[in-house]
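Printed here is structure-v1.csv (CSV, C-alpha atoms):
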chain,number,residue,atom,x,y,z
A,1,MET,CA,123.3,71.3,48.1
A,2,ARG,CA,120.5,72.5,50.4
A,3,ALA,CA,122.7,72.8,53.5
A,4,LEU,CA,125.1,75.1,51.7
A,5,GLU,CA,122.2,77.2,50.5
A,6,THR,CA,121.0,77.6,54.1
A,7,ALA,CA,124.4,78.7,55.3
A,8,ALA,CA,124.6,81.2,52.4
A,9,GLY,CA,121.1,82.4,53.2
A,10,LEU,CA,122.1,83.1,56.8
A,11,GLU,CA,125.1,85.0,55.6
A,12,GLY,CA,122.8,87.3,53.8
A,13,PHE,CA,121.5,88.6,57.2
A,14,ALA,CA,124.4,90.9,57.8
A,15,ARG,CA,125.4,91.8,61.3
A,16,ARG,CA,123.0,89.3,62.9
A,17,GLY,CA,124.4,89.7,66.4
A,18,ALA,CA,122.4,88.5,69.4
A,19,GLY,CA,119.4,90.6,70.0
A,20,SER,CA,119.7,92.6,66.7
A,21,ASP,CA,117.0,93.3,64.1
A,22,SER,CA,119.0,91.2,61.6
A,23,GLU,CA,118.8,88.2,64.0
A,24,ARG,CA,115.1,88.6,64.3
A,25,ARG,CA,114.7,88.7,60.5
A,26,ALA,CA,116.9,85.6,60.3
A,27,SER,CA,114.6,83.8,62.8
A,28,LYS,CA,111.5,84.5,60.7
A,29,TRP,CA,113.3,83.3,57.6
A,30,LEU,CA,114.3,80.0,59.3
A,31,ALA,CA,110.8,79.6,60.6
A,32,ALA,CA,109.4,80.0,57.1
A,33,GLU,CA,111.9,77.4,55.7
A,34,LEU,CA,110.9,74.9,58.4
A,35,THR,CA,107.2,75.5,57.8
A,36,LYS,CA,107.8,74.8,54.1
A,37,ALA,CA,109.3,71.5,55.1
A,38,GLY,CA,106.1,70.5,56.9
A,39,ARG,CA,107.1,71.3,60.5
A,40,GLU,CA,104.9,73.2,63.0
A,41,VAL,CA,107.1,76.0,64.2
A,42,ALA,CA,107.0,78.3,67.2
A,43,ILE,CA,109.1,81.4,67.9
A,44,GLU,CA,109.9,81.7,71.6
A,45,PRO,CA,111.2,85.2,72.5
A,46,PHE,CA,113.2,86.0,75.6
A,47,TRP,CA,115.2,88.8,77.1
A,48,CYS,CA,118.9,88.5,77.7
A,49,ARG,CA,122.2,90.4,78.1
A,50,PRO,CA,124.4,88.9,75.4
A,51,ASN,CA,127.4,91.1,75.4
A,52,TRP,CA,129.6,88.8,77.4
A,53,PRO,CA,132.9,90.5,76.6
A,54,LEU,CA,131.6,93.8,78.1
A,55,ALA,CA,130.3,91.9,81.2
A,56,HIS,CA,133.7,90.3,81.9
A,57,LEU,CA,135.4,93.6,81.0
A,58,TRP,CA,133.8,95.1,84.2
A,59,HIS,CA,135.0,92.1,86.2
A,60,VAL,CA,138.6,92.2,84.8
A,61,GLY,CA,138.7,96.0,85.2
A,62,LEU,CA,137.8,95.6,88.9
A,63,ALA,CA,140.5,92.9,89.3
A,64,LEU,CA,143.1,95.2,87.8
A,65,ALA,CA,142.1,98.0,90.1
A,66,GLY,CA,142.3,95.6,93.0
A,67,SER,CA,145.8,94.5,92.1
A,68,LEU,CA,147.0,98.1,91.9
A,69,VAL,CA,145.2,99.2,95.1
A,70,SER,CA,146.5,96.2,97.1
A,71,VAL,CA,150.0,97.7,97.0
A,72,ALA,CA,148.8,100.7,99.1
A,73,SER,CA,145.8,99.1,100.9
A,74,ALA,CA,145.9,95.4,101.0
A,75,HIS,CA,142.4,95.1,102.6
A,76,ALA,CA,140.7,97.2,99.9
A,77,GLY,CA,142.6,95.5,97.1
A,78,ALA,CA,141.8,92.0,98.4
A,79,ALA,CA,138.1,92.9,98.7
A,80,MET,CA,138.0,94.2,95.1
A,81,LEU,CA,139.8,91.1,93.8
A,82,LEU,CA,137.4,88.8,95.7
A,83,VAL,CA,134.4,90.5,94.2
A,84,ALA,CA,135.9,90.2,90.7
A,85,LEU,CA,136.6,86.5,91.2
A,86,VAL,CA,133.2,85.7,92.6
A,87,SER,CA,131.5,87.7,89.8
A,88,ILE,CA,133.4,85.8,87.1
A,89,LEU,CA,132.5,82.4,88.6
A,90,ALA,CA,128.8,83.4,89.1
A,91,ASP,CA,128.6,84.6,85.5
A,92,ALA,CA,130.1,81.4,84.1
A,93,LEU,CA,127.8,79.2,86.2
A,94,THR,CA,124.5,81.1,86.2
A,95,GLY,CA,124.8,83.9,83.6
A,96,VAL,CA,124.1,86.5,86.3
A,97,SER,CA,126.7,88.8,87.8
A,98,PRO,CA,127.3,92.5,88.6
A,99,GLY,CA,129.1,93.0,85.3
A,100,ARG,CA,126.3,91.4,83.4
A,101,ARG,CA,123.8,93.8,84.9
A,102,LEU,CA,125.9,96.6,83.6
A,103,THR,CA,125.4,95.5,79.9
A,104,PRO,CA,122.5,96.4,77.6
A,105,GLU,CA,119.4,94.1,77.7
A,106,ARG,CA,118.2,92.8,74.3
A,107,ALA,CA,115.3,90.7,73.0
A,108,SER,CA,116.2,87.5,71.2
A,109,GLN,CA,114.3,84.4,70.2
A,110,ASN,CA,114.5,80.6,69.7
A,111,VAL,CA,113.0,79.0,66.6
A,112,VAL,CA,111.5,75.7,67.7
A,113,ALA,CA,110.3,73.0,65.3
A,114,ILE,CA,107.8,70.8,67.2
A,115,PRO,CA,108.1,67.0,66.6
A,116,PRO,CA,105.6,65.6,64.1
A,117,ALA,CA,103.3,62.8,65.0
A,118,GLN,CA,104.8,59.3,64.7
A,119,PRO,CA,102.2,56.7,63.5
A,120,GLY,CA,103.4,53.3,64.6
A,121,GLY,CA,106.2,54.6,66.7
A,122,ASP,CA,106.8,54.6,70.4
A,123,HIS,CA,103.8,56.0,72.3
A,124,ASN,CA,106.1,57.7,74.8
A,125,PRO,CA,109.3,58.5,72.9
A,126,VAL,CA,112.4,60.2,74.3
A,127,ARG,CA,112.7,63.8,73.1
A,128,LEU,CA,115.8,64.3,71.0
A,129,ILE,CA,116.6,68.0,70.8
A,130,ILE,CA,118.8,68.9,67.8
A,131,THR,CA,120.2,72.4,68.4
A,132,ALA,CA,122.5,75.0,66.8
A,133,ASN,CA,122.8,78.8,67.1
A,134,TYR,CA,121.9,81.0,64.2
A,135,ASP,CA,123.2,84.3,65.6
A,136,ALA,CA,126.6,85.7,64.5
A,137,GLY,CA,129.5,86.0,66.9
A,138,ARG,CA,131.8,89.0,67.2
A,139,ALA,CA,134.8,89.1,64.9
A,140,GLY,CA,137.6,90.2,67.2
A,141,PHE,CA,141.4,90.1,67.6
A,142,ALA,CA,141.0,87.3,70.3
A,143,TYR,CA,139.9,84.9,67.5
A,144,ARG,CA,143.0,85.3,65.4
A,145,HIS,CA,144.0,82.0,63.7
A,146,SER,CA,147.4,82.0,65.4
A,147,PHE,CA,145.8,82.3,68.9
A,148,ARG,CA,143.3,79.5,68.3
A,149,ARG,CA,146.0,77.3,66.7
A,150,ALA,CA,148.3,77.7,69.7
A,151,SER,CA,145.4,77.0,72.1
A,152,ALA,CA,144.5,73.8,70.3
A,153,ALA,CA,148.2,72.7,70.3
A,154,ILE,CA,148.4,73.2,74.1
A,155,ARG,CA,145.3,71.2,74.6
A,156,ARG,CA,146.6,68.3,72.5
A,157,ALA,CA,150.0,68.4,74.3
A,158,ALA,CA,148.2,68.3,77.7
A,159,PHE,CA,145.9,65.5,76.5
A,160,GLY,CA,142.9,67.7,77.0
A,161,LEU,CA,143.7,68.2,80.8
A,162,THR,CA,143.4,72.0,80.6
A,163,LEU,CA,141.0,74.7,81.8
A,164,GLY,CA,139.0,77.0,79.7
A,165,TRP,CA,139.9,80.6,79.2
A,166,LEU,CA,137.7,81.7,82.1
A,167,GLY,CA,139.4,79.1,84.3
A,168,TRP,CA,142.8,80.5,83.6
A,169,LEU,CA,141.6,84.0,84.1
A,170,SER,CA,140.0,83.0,87.5
A,171,LEU,CA,143.3,81.3,88.6
A,172,THR,CA,145.2,84.5,87.7
A,173,ILE,CA,142.9,86.7,89.8
A,174,ALA,CA,143.0,84.1,92.6
A,175,ALA,CA,146.8,84.4,92.5
A,176,LEU,CA,146.5,88.2,92.9
A,177,LEU,CA,144.1,87.7,95.7
A,178,ALA,CA,146.5,85.3,97.5
A,179,LEU,CA,149.3,87.9,97.2
A,180,ALA,CA,147.0,90.6,98.7
A,181,ILE,CA,146.2,88.3,101.6
A,182,LEU,CA,149.9,87.9,102.1
A,183,ARG,CA,150.2,91.6,102.3
A,184,ILE,CA,147.4,91.7,104.9
A,185,ALA,CA,149.4,89.1,106.9
A,186,GLY,CA,152.3,91.5,107.1
A,187,HIS,CA,154.5,90.3,104.2
A,188,HIS,CA,155.8,93.4,102.2
A,189,SER,CA,158.9,92.0,100.6
A,190,GLU,CA,160.0,93.1,97.1
A,191,ALA,CA,159.6,89.4,96.1
A,192,ILE,CA,155.8,89.8,96.4
A,193,GLY,CA,155.8,92.8,94.2
A,194,ALA,CA,157.9,91.0,91.6
A,195,ILE,CA,155.6,88.0,91.7
A,196,GLN,CA,152.6,90.2,91.4
A,197,LEU,CA,153.8,91.8,88.1
A,198,ALA,CA,153.2,88.7,85.9
A,199,PRO,CA,149.5,88.1,86.8
A,200,THR,CA,148.9,91.8,86.6
A,201,ILE,CA,150.2,91.9,83.1
A,202,VAL,CA,148.0,89.0,82.2
A,203,VAL,CA,145.0,90.9,83.5
A,204,VAL,CA,146.0,94.0,81.5
A,205,LEU,CA,146.2,91.9,78.3
A,206,ALA,CA,142.8,90.3,79.1
A,207,LEU,CA,141.3,93.8,79.6
A,208,ALA,CA,142.6,94.9,76.2
A,209,LEU,CA,141.3,91.9,74.4
A,210,LEU,CA,137.8,92.1,76.0
A,211,LEU,CA,137.6,95.8,75.3
A,212,GLU,CA,138.3,95.2,71.6
A,213,LEU,CA,135.9,92.3,71.4
A,214,ALA,CA,133.1,94.1,73.3
A,215,THR,CA,133.1,96.8,70.6
A,216,ALA,CA,133.6,94.5,67.6
A,217,ASP,CA,130.9,93.9,65.0
A,218,PRO,CA,129.5,90.5,64.2
A,219,GLY,CA,131.1,88.6,61.3
A,220,PRO,CA,129.3,86.9,58.4
A,221,ALA,CA,129.2,83.6,60.3
A,222,ALA,CA,128.3,81.5,57.3
A,223,GLY,CA,130.5,78.7,58.7
A,224,ASP,CA,130.3,79.3,62.4
A,225,ASN,CA,127.5,78.6,62.9
A,226,GLY,CA,125.5,78.9,59.7
A,227,THR,CA,126.7,75.4,58.8
A,228,GLY,CA,125.6,74.0,62.1
A,229,VAL,CA,122.1,75.4,61.6
A,230,ALA,CA,122.1,74.0,58.0
A,231,ILE,CA,123.2,70.5,59.2
A,232,ALA,CA,120.6,70.6,62.0
A,233,MET,CA,117.8,71.4,59.6
A,234,GLU,CA,119.0,68.7,57.2
A,235,LEU,CA,119.0,66.1,60.0
A,236,ALA,CA,115.5,67.1,60.9
A,237,ARG,CA,114.3,66.8,57.3
A,238,ALA,CA,115.9,63.4,56.8
A,239,LEU,CA,114.5,62.1,60.1
A,240,ASP,CA,111.0,63.4,59.3
A,241,ALA,CA,111.2,61.3,56.1
A,242,ALA,CA,112.4,58.2,57.9
A,243,PRO,CA,111.4,58.7,61.6
A,244,PRO,CA,113.2,56.7,64.3
A,245,ARG,CA,110.9,54.6,66.4
A,246,HIS,CA,112.0,55.6,69.9
A,247,VAL,CA,112.8,59.3,69.7
A,248,ALA,CA,110.8,62.4,68.8
A,249,VAL,CA,113.0,64.8,67.0
A,250,GLU,CA,112.7,68.5,68.1
A,251,LEU,CA,114.7,71.2,66.4
A,252,VAL,CA,115.8,74.2,68.5
A,253,LEU,CA,117.6,76.9,66.6
A,254,GLN,CA,119.1,79.2,69.3
A,255,GLY,CA,119.1,82.9,69.3
A,256,ALA,CA,121.9,84.6,71.3
A,257,GLY,CA,123.6,81.2,71.3
A,258,ASP,CA,127.2,82.1,70.2
A,259,THR,CA,129.8,81.5,72.8
A,260,GLU,CA,127.4,81.2,75.8
A,261,GLY,CA,124.3,79.3,74.5
A,262,ILE,CA,121.9,81.7,76.1
A,263,GLY,CA,119.1,80.6,73.8
A,264,LEU,CA,119.3,76.9,74.9
A,265,ARG,CA,119.7,78.0,78.5
A,266,ARG,CA,116.4,79.9,78.2
A,267,TYR,CA,114.7,77.1,76.4
A,268,LEU,CA,115.7,74.4,78.9
A,269,SER,CA,114.7,76.7,81.8
A,270,ALA,CA,111.3,77.5,80.3
A,271,HIS,CA,110.6,73.8,79.6
A,272,ARG,CA,112.4,72.2,82.6
A,273,ASN,CA,109.2,70.4,83.7
A,274,GLU,CA,108.6,68.8,80.3
A,275,ARG,CA,112.3,68.2,79.2
A,276,LYS,CA,113.5,66.1,82.2
A,277,PRO,CA,116.8,64.2,82.2
A,278,ALA,CA,114.9,60.9,82.1
A,279,ASP,CA,113.3,61.6,78.7
A,280,THR,CA,115.5,64.1,77.0
A,281,ILE,CA,118.7,63.9,74.9
A,282,VAL,CA,120.4,67.0,73.4
A,283,LEU,CA,122.4,66.8,70.2
A,284,GLY,CA,124.3,70.1,69.5
A,285,VAL,CA,125.6,70.8,66.0
A,286,ALA,CA,128.7,73.0,65.9
A,287,ALA,CA,130.3,74.5,62.8
A,288,CYS,CA,130.9,72.2,59.9
A,289,THR,CA,132.9,74.6,57.7
A,290,ALA,CA,135.7,72.2,56.8
A,291,GLY,CA,137.6,69.1,57.9
A,292,ALA,CA,136.2,65.8,59.3
A,293,PRO,CA,133.5,65.0,61.9
A,294,ARG,CA,134.3,65.3,65.6
A,295,TRP,CA,132.4,64.7,68.7
A,296,TRP,CA,133.1,66.7,71.9
A,297,THR,CA,134.1,64.6,75.0
A,298,SER,CA,134.2,67.6,77.3
A,299,ASP,CA,133.7,71.4,77.1
A,300,GLY,CA,133.4,74.6,79.1
A,301,PRO,CA,135.1,78.0,79.4
A,302,LEU,CA,135.6,77.6,83.1
A,303,VAL,CA,136.1,74.1,84.4
A,304,PRO,CA,135.4,71.5,81.6
A,305,LEU,CA,132.3,69.3,82.0
A,306,ARG,CA,132.1,65.9,80.4
A,307,TYR,CA,129.4,65.0,77.9
A,308,ALA,CA,127.3,61.9,78.5
A,309,ARG,CA,129.4,58.8,78.6
A,310,PRO,CA,127.1,56.4,76.7
A,311,LEU,CA,126.7,59.0,73.9
A,312,LYS,CA,130.5,59.3,73.7
A,313,ALA,CA,130.7,55.6,73.5
A,314,LEU,CA,128.2,55.5,70.7
A,315,CYS,CA,130.2,58.1,68.8
A,316,ALA,CA,133.4,56.1,69.3
A,317,GLU,CA,131.7,52.9,68.1
A,318,LEU,CA,130.3,54.7,65.0
A,319,ALA,CA,133.8,56.1,64.2
A,320,SER,CA,135.2,52.6,64.4
A,321,ASP,CA,132.5,51.1,62.2
A,322,GLU,CA,132.7,53.9,59.6
A,323,PRO,CA,136.5,54.7,59.3
A,324,GLY,CA,135.9,56.5,56.0
A,325,LEU,CA,134.3,59.4,57.8
A,326,GLY,CA,137.5,60.1,59.7
A,327,ALA,CA,135.6,61.0,62.8
A,328,ARG,CA,137.5,61.5,66.0
A,329,SER,CA,136.9,62.8,69.6
A,330,HIS,CA,137.7,66.4,70.6
A,331,THR,CA,138.2,68.1,73.9
A,332,GLY,CA,136.6,71.6,73.7
A,333,ARG,CA,137.2,74.5,76.1
A,334,GLY,CA,134.5,76.8,74.9
A,335,ALA,CA,130.8,76.3,74.7
A,336,ALA,CA,129.6,74.1,71.8
A,337,PRO,CA,125.9,74.2,71.1
A,338,ALA,CA,124.9,71.4,73.5
A,339,PHE,CA,127.1,72.6,76.4
A,340,PRO,CA,124.2,74.4,78.2
A,341,ALA,CA,122.4,71.1,78.5
A,342,ARG,CA,125.3,69.9,80.7
A,343,LEU,CA,124.7,72.8,83.0
A,344,PHE,CA,121.1,71.6,83.3
A,345,ARG,CA,122.3,68.0,83.8
A,346,ARG,CA,120.6,66.8,80.6
A,347,PRO,CA,122.2,64.0,78.6
A,348,ALA,CA,124.0,65.7,75.7
A,349,ILE,CA,126.7,65.5,73.1
A,350,SER,CA,128.0,68.0,70.6
A,351,VAL,CA,129.2,67.2,67.1
A,352,GLY,CA,130.7,69.2,64.3
A,353,CYS,CA,133.7,69.3,61.9
A,354,LEU,CA,137.2,70.5,62.6
A,355,ASP,CA,140.3,70.8,60.5
A,356,PRO,CA,143.5,68.7,61.2
A,357,GLN,CA,144.6,71.3,63.7
A,358,GLY,CA,141.4,70.9,65.7
A,359,ILE,CA,139.9,74.3,65.0
A,360,VAL,CA,137.1,75.7,62.9
A,361,PRO,CA,138.6,77.6,59.9
A,362,HIS,CA,137.6,81.3,59.6
A,363,SER,CA,135.6,81.2,62.8
A,364,HIS,CA,134.6,84.7,64.1
A,365,ARG,CA,136.5,86.3,61.2
A,366,ARG,CA,135.5,88.6,58.4
A,367,ASP,CA,136.2,85.9,55.8
A,368,ASP,CA,133.8,83.4,57.4
A,369,VAL,CA,131.7,83.4,54.2
A,370,ALA,CA,129.8,80.7,52.3
A,371,ALA,CA,132.6,80.5,49.6
A,372,GLN,CA,134.9,79.0,52.3
A,373,ILE,CA,132.6,76.1,53.2
A,374,GLU,CA,133.7,72.7,52.0
A,375,PRO,CA,130.6,70.7,50.7
A,376,ARG,CA,132.3,67.4,51.6
A,377,ALA,CA,132.4,68.5,55.2
A,378,LEU,CA,128.7,69.2,55.1
A,379,ASP,CA,128.1,65.7,53.6
A,380,ALA,CA,130.2,64.0,56.2
A,381,ALA,CA,128.5,65.9,59.0
A,382,VAL,CA,125.0,64.9,57.8
A,383,GLN,CA,126.1,61.3,57.4
A,384,PHE,CA,127.7,61.2,60.9
A,385,GLY,CA,124.6,62.8,62.4
A,386,LEU,CA,122.1,60.4,60.9
A,387,LEU,CA,124.2,57.4,61.8
A,388,LEU,CA,124.5,58.7,65.4
A,389,VAL,CA,120.7,59.1,65.7
A,390,ASP,CA,120.3,55.6,64.4
A,391,GLU,CA,122.7,54.4,67.1
A,392,ILE,CA,120.8,56.4,69.8
A,393,ASP,CA,117.5,54.9,68.6
A,394,ALA,CA,118.9,51.4,68.7
A,395,TRP,CA,120.4,52.0,72.2
A,396,LEU,CA,117.0,53.2,73.4
A,397,ALA,CA,115.4,50.1,72.0
A,398,GLU,CA,117.6,48.1,74.4
A,399,ASN,CA,117.7,50.4,77.4
A,400,ARG,CA,114.3,52.2,76.9
A,401,ARG,CA,115.1,55.3,78.9
A,402,PRO,CA,118.2,57.5,78.9
A,403,GLN,CA,118.8,57.5,82.7
A,404,ALA,CA,122.1,55.7,82.1
A,405,VAL,CA,123.0,58.4,79.6
A,406,THR,CA,123.2,61.0,82.4
A,407,PRO,CA,126.9,62.1,82.6
A,408,ALA,CA,128.9,60.3,85.2
Could you render the structure from this file as structure tokens?
Amino acid sequence: MRALETAAGLEGFARRGAGSDSERRASKWLAAELTKAGREVAIEPFWCRPNWPLAHLWHVGLALAGSLVSVASAHAGAAMLLVALVSILADALTGVSPGRRLTPERASQNVVAIPPAQPGGDHNPVRLIITANYDAGRAGFAYRHSFRRASAAIRRAAFGLTLGWLGWLSLTIAALLALAILRIAGHHSEAIGAIQLAPTIVVVLALALLLELATADPGPAAGDNGTGVAIAMELARALDAAPPRHVAVELVLQGAGDTEGIGLRRYLSAHRNERKPADTIVLGVAACTAGAPRWWTSDGPLVPLRYARPLKALCAELASDEPGLGARSHTGRGAAPAFPARLFRRPAISVGCLDPQGIVPHSHRRDDVAAQIEPRALDAAVQFGLLLVDEIDAWLAENRRPQAVTPA
């Protein structure tokens, strides 16, 4: 199967972390493959600081210092905690923060396959951007299967009404800041010290996990997200052979896209005048290593943002019409490939495959190799993706413009 070969080919670019030489070689290989398929391809380079664990390590370290200092000097401790909290929020929302500035700058690149001409199609089609990241994420202790399984179970028990990991970290630092403010107000009881112990321990554990992750090497990433890239390319090939009438399909393979989607952020920023909400839809393809198709209803490591309501409705309708696919909705609390489009207020939806526990098997682990990929999951993902594009095309035929797709 061609998709499996693509994922295995990406695995061959060992240690293809964001901004690495291996990532650059992978981008050239993907560009060559797309050119063979008949697409006009452009490689768009950009500068970035992709070591997000190191960036947040600085912020969490400052928060820990502030918690300890607040016992002796409440004013100084509160100031340090406030700076740490604001820095985390700024980094999550804009990608710019003091901690980020203290990380190395790297060159990465997006691989963009320009839509082919559509004889007989709509003269002013909506741009459908299919996107997935081809860089490899870090394989760290924080991604242990037991941790991710427990996190997924908590989300299910809470019916998806939970924050992302940055949201919980921010609340923890906010609690420490509130305790420091109480000290400033003159409260110095032993109870405050006892209450302060628990969030301080959480900050210490976060510091240890981030330190280990900041120094970890990239994994093979054949499944997450080599399979997402493979499915995105298969969708583009199939849609080139039978083009939809009302959308022009553009393929954006993101560099530096793991966890934060920096590549798509840079792409949407560079093309913000051409890719406006009124004529753009973003379809992100997450890992499809195993399991059944899923579509993301909301996502985000800080405060979850909802994906476009009409696109979610189309996915639900498709799942009802095609019960054999076993497709279901999923509430994510990370950053699936289309999530940056939500930050830019573009209509977007992310799809992928998850196992029955709601996680991607082997993600960010040393055993995330092509041998672990289930071909049936790839087949189901391609089928679901093509049917979804058909639904989007039919919806546009009736509504003509995606203004109503804009998330409510």
Which residues come within 9 Å of Asp91 (chain A), counting all atoms listed in the file, excluding same-chain residues fewer than 6 positions away, as a ChimeraX atom specification? /A:55-56,97-100
Atoms to include: C-alpha atoms. Write the selected residues as a JSON list (two decimals), in the coordinates of the input.
[["chain", "number", "residue", "atom", "x", "y", "z"],
["A", 55, "ALA", "CA", 130.30, 91.90, 81.20],
["A", 56, "HIS", "CA", 133.70, 90.30, 81.90],
["A", 97, "SER", "CA", 126.70, 88.80, 87.80],
["A", 98, "PRO", "CA", 127.30, 92.50, 88.60],
["A", 99, "GLY", "CA", 129.10, 93.00, 85.30],
["A", 100, "ARG", "CA", 126.30, 91.40, 83.40]]
For Arg39 (chain A): contacts at 12 Å, only C-alpha atoms, fewer than 2 positions along chain excluded, given as number ranges by chain: A: 30-37, 41-42, 111-117, 233, 236-237, 239-241, 249-251
Identify, on the basis of all atoms listed in the file, every residue whose closest approach to region 199-207 of chain A does not exceed 9 Å; exclude the query and any residue fewer than 5 positions from it along the same chain; express the result as a PyMOL selection string. chain A and resi 56-58+60-61+63-64+67-68+169+172-173+175-176+212
Same residues, C-alpha atoms, saved as a PDB file, keeping the file's coordinate frame:
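The result, written out as part-v4.pdb:
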ATOM      1  CA  HIS A  56     133.700  90.300  81.900  1.00  0.00           C
ATOM      2  CA  LEU A  57     135.400  93.600  81.000  1.00  0.00           C
ATOM      3  CA  TRP A  58     133.800  95.100  84.200  1.00  0.00           C
ATOM      4  CA  VAL A  60     138.600  92.200  84.800  1.00  0.00           C
ATOM      5  CA  GLY A  61     138.700  96.000  85.200  1.00  0.00           C
ATOM      6  CA  ALA A  63     140.500  92.900  89.300  1.00  0.00           C
ATOM      7  CA  LEU A  64     143.100  95.200  87.800  1.00  0.00           C
ATOM      8  CA  SER A  67     145.800  94.500  92.100  1.00  0.00           C
ATOM      9  CA  LEU A  68     147.000  98.100  91.900  1.00  0.00           C
ATOM     10  CA  LEU A 169     141.600  84.000  84.100  1.00  0.00           C
ATOM     11  CA  THR A 172     145.200  84.500  87.700  1.00  0.00           C
ATOM     12  CA  ILE A 173     142.900  86.700  89.800  1.00  0.00           C
ATOM     13  CA  ALA A 175     146.800  84.400  92.500  1.00  0.00           C
ATOM     14  CA  LEU A 176     146.500  88.200  92.900  1.00  0.00           C
ATOM     15  CA  GLU A 212     138.300  95.200  71.600  1.00  0.00           C
TER      16      GLU A 212
END
Using CA of Leu182 (chain A) and CA of Ser70 (chain A) as the two end points, give the distance in Å to one decimal. 10.3 Å
Identify, on the basis of all atoms listed in the file, every residue whose closest approach to Phe339 (chain A) does not exceed 9 Å; exclude the query and any residue fewer than 4 positions from it along the same chain; express the result as an NGL selection string. :A and (260-261 or 284 or 298-300 or 305 or 307 or 334-335 or 343 or 348-350)
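Nearest residue to Thr94 (chain A) among A:Gly219, A:Pro310, A:Gly263, A:Pro340 is A:Pro340, counting all atoms listed in the file.
Closest approach to Ala72 (chain A) among A:Val252, A:Ala327, A:Ala319, A:Ile184 is made by A:Ile184 (distances from all atoms listed in the file).
Minimum atom-to-atom distances from A:Leu4, A:Ala191, A:Arg309, A:Ser151 to Arg376 (chain A) were compared using all atoms listed in the file, and the lowest value belongs to A:Leu4.
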Find the residues near Thr103 (chain A): any atom within 9 Å, counting only C-alpha atoms, skip ones fewer than 2 places away on the same chain, and give them as a count of residues only. 10
Smallest atom-to-atom distance to Val83 (chain A): which of A:Leu163, A:Ala174, A:Ala232, A:Leu396, using all atoms listed in the file?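 Checking each candidate against Val83 (chain A), we get A:Ala174 as the closest.
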Pick from A:Thr6, A:Pro304, A:Ser20, A:Asp224: nearest to Ala290 (chain A), with only C-alpha atoms counted?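 Nearest candidate to Ala290 (chain A) out of A:Thr6, A:Pro304, A:Ser20, A:Asp224: A:Asp224.
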A:Thr297, A:Ser87, A:Asn273, A:Asn399: which is nearest Ala338 (chain A), counting only C-alpha atoms?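 Of A:Thr297, A:Ser87, A:Asn273, A:Asn399, the one nearest Ala338 (chain A) is A:Thr297, counting only C-alpha atoms.
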Neighbours of point (129.3, 53.9, 64.6) within 12 Å, using only C-alpha atoms, written as a ChimeraX atom specification: /A:295,311-328,383-392,394-395
What would region 107-115 of chain A look like with N, CA, C and O atoms in place, written as a PDB file, keeping the file's coordinate frame?
ATOM      1  N   ALA A 107     116.338  91.757  73.217  1.00  0.00           N
ATOM      2  CA  ALA A 107     115.300  90.700  73.000  1.00  0.00           C
ATOM      3  C   ALA A 107     115.854  89.778  71.877  1.00  0.00           C
ATOM      4  O   ALA A 107     116.306  90.221  70.828  1.00  0.00           O
ATOM      5  N   SER A 108     115.820  88.493  72.150  1.00  0.00           N
ATOM      6  CA  SER A 108     116.200  87.500  71.200  1.00  0.00           C
ATOM      7  C   SER A 108     115.083  86.444  71.101  1.00  0.00           C
ATOM      8  O   SER A 108     114.034  86.603  71.747  1.00  0.00           O
ATOM      9  N   GLN A 109     115.297  85.389  70.346  1.00  0.00           N
ATOM     10  CA  GLN A 109     114.300  84.400  70.200  1.00  0.00           C
ATOM     11  C   GLN A 109     114.840  83.057  69.708  1.00  0.00           C
ATOM     12  O   GLN A 109     115.837  83.016  68.991  1.00  0.00           O
ATOM     13  N   ASN A 110     114.214  81.977  70.163  1.00  0.00           N
ATOM     14  CA  ASN A 110     114.500  80.600  69.700  1.00  0.00           C
ATOM     15  C   ASN A 110     113.477  80.233  68.639  1.00  0.00           C
ATOM     16  O   ASN A 110     112.291  80.558  68.771  1.00  0.00           O
ATOM     17  N   VAL A 111     113.925  79.518  67.632  1.00  0.00           N
ATOM     18  CA  VAL A 111     113.000  79.000  66.600  1.00  0.00           C
ATOM     19  C   VAL A 111     112.895  77.464  66.923  1.00  0.00           C
ATOM     20  O   VAL A 111     113.874  76.721  66.843  1.00  0.00           O
ATOM     21  N   VAL A 112     111.691  77.048  67.284  1.00  0.00           N
ATOM     22  CA  VAL A 112     111.500  75.700  67.700  1.00  0.00           C
ATOM     23  C   VAL A 112     110.552  74.961  66.753  1.00  0.00           C
ATOM     24  O   VAL A 112     109.414  75.400  66.510  1.00  0.00           O
ATOM     25  N   ALA A 113     111.052  73.872  66.187  1.00  0.00           N
ATOM     26  CA  ALA A 113     110.300  73.000  65.300  1.00  0.00           C
ATOM     27  C   ALA A 113     109.749  71.831  66.097  1.00  0.00           C
ATOM     28  O   ALA A 113     110.532  70.979  66.534  1.00  0.00           O
ATOM     29  N   ILE A 114     108.444  71.787  66.300  1.00  0.00           N
ATOM     30  CA  ILE A 114     107.800  70.800  67.200  1.00  0.00           C
ATOM     31  C   ILE A 114     107.818  69.416  66.477  1.00  0.00           C
ATOM     32  O   ILE A 114     107.587  69.327  65.261  1.00  0.00           O
ATOM     33  N   PRO A 115     108.097  68.342  67.204  1.00  0.00           N
ATOM     34  CA  PRO A 115     108.100  67.000  66.600  1.00  0.00           C
ATOM     35  C   PRO A 115     106.804  66.648  65.941  1.00  0.00           C
ATOM     36  O   PRO A 115     105.738  66.885  66.524  1.00  0.00           O
TER      37      PRO A 115
END
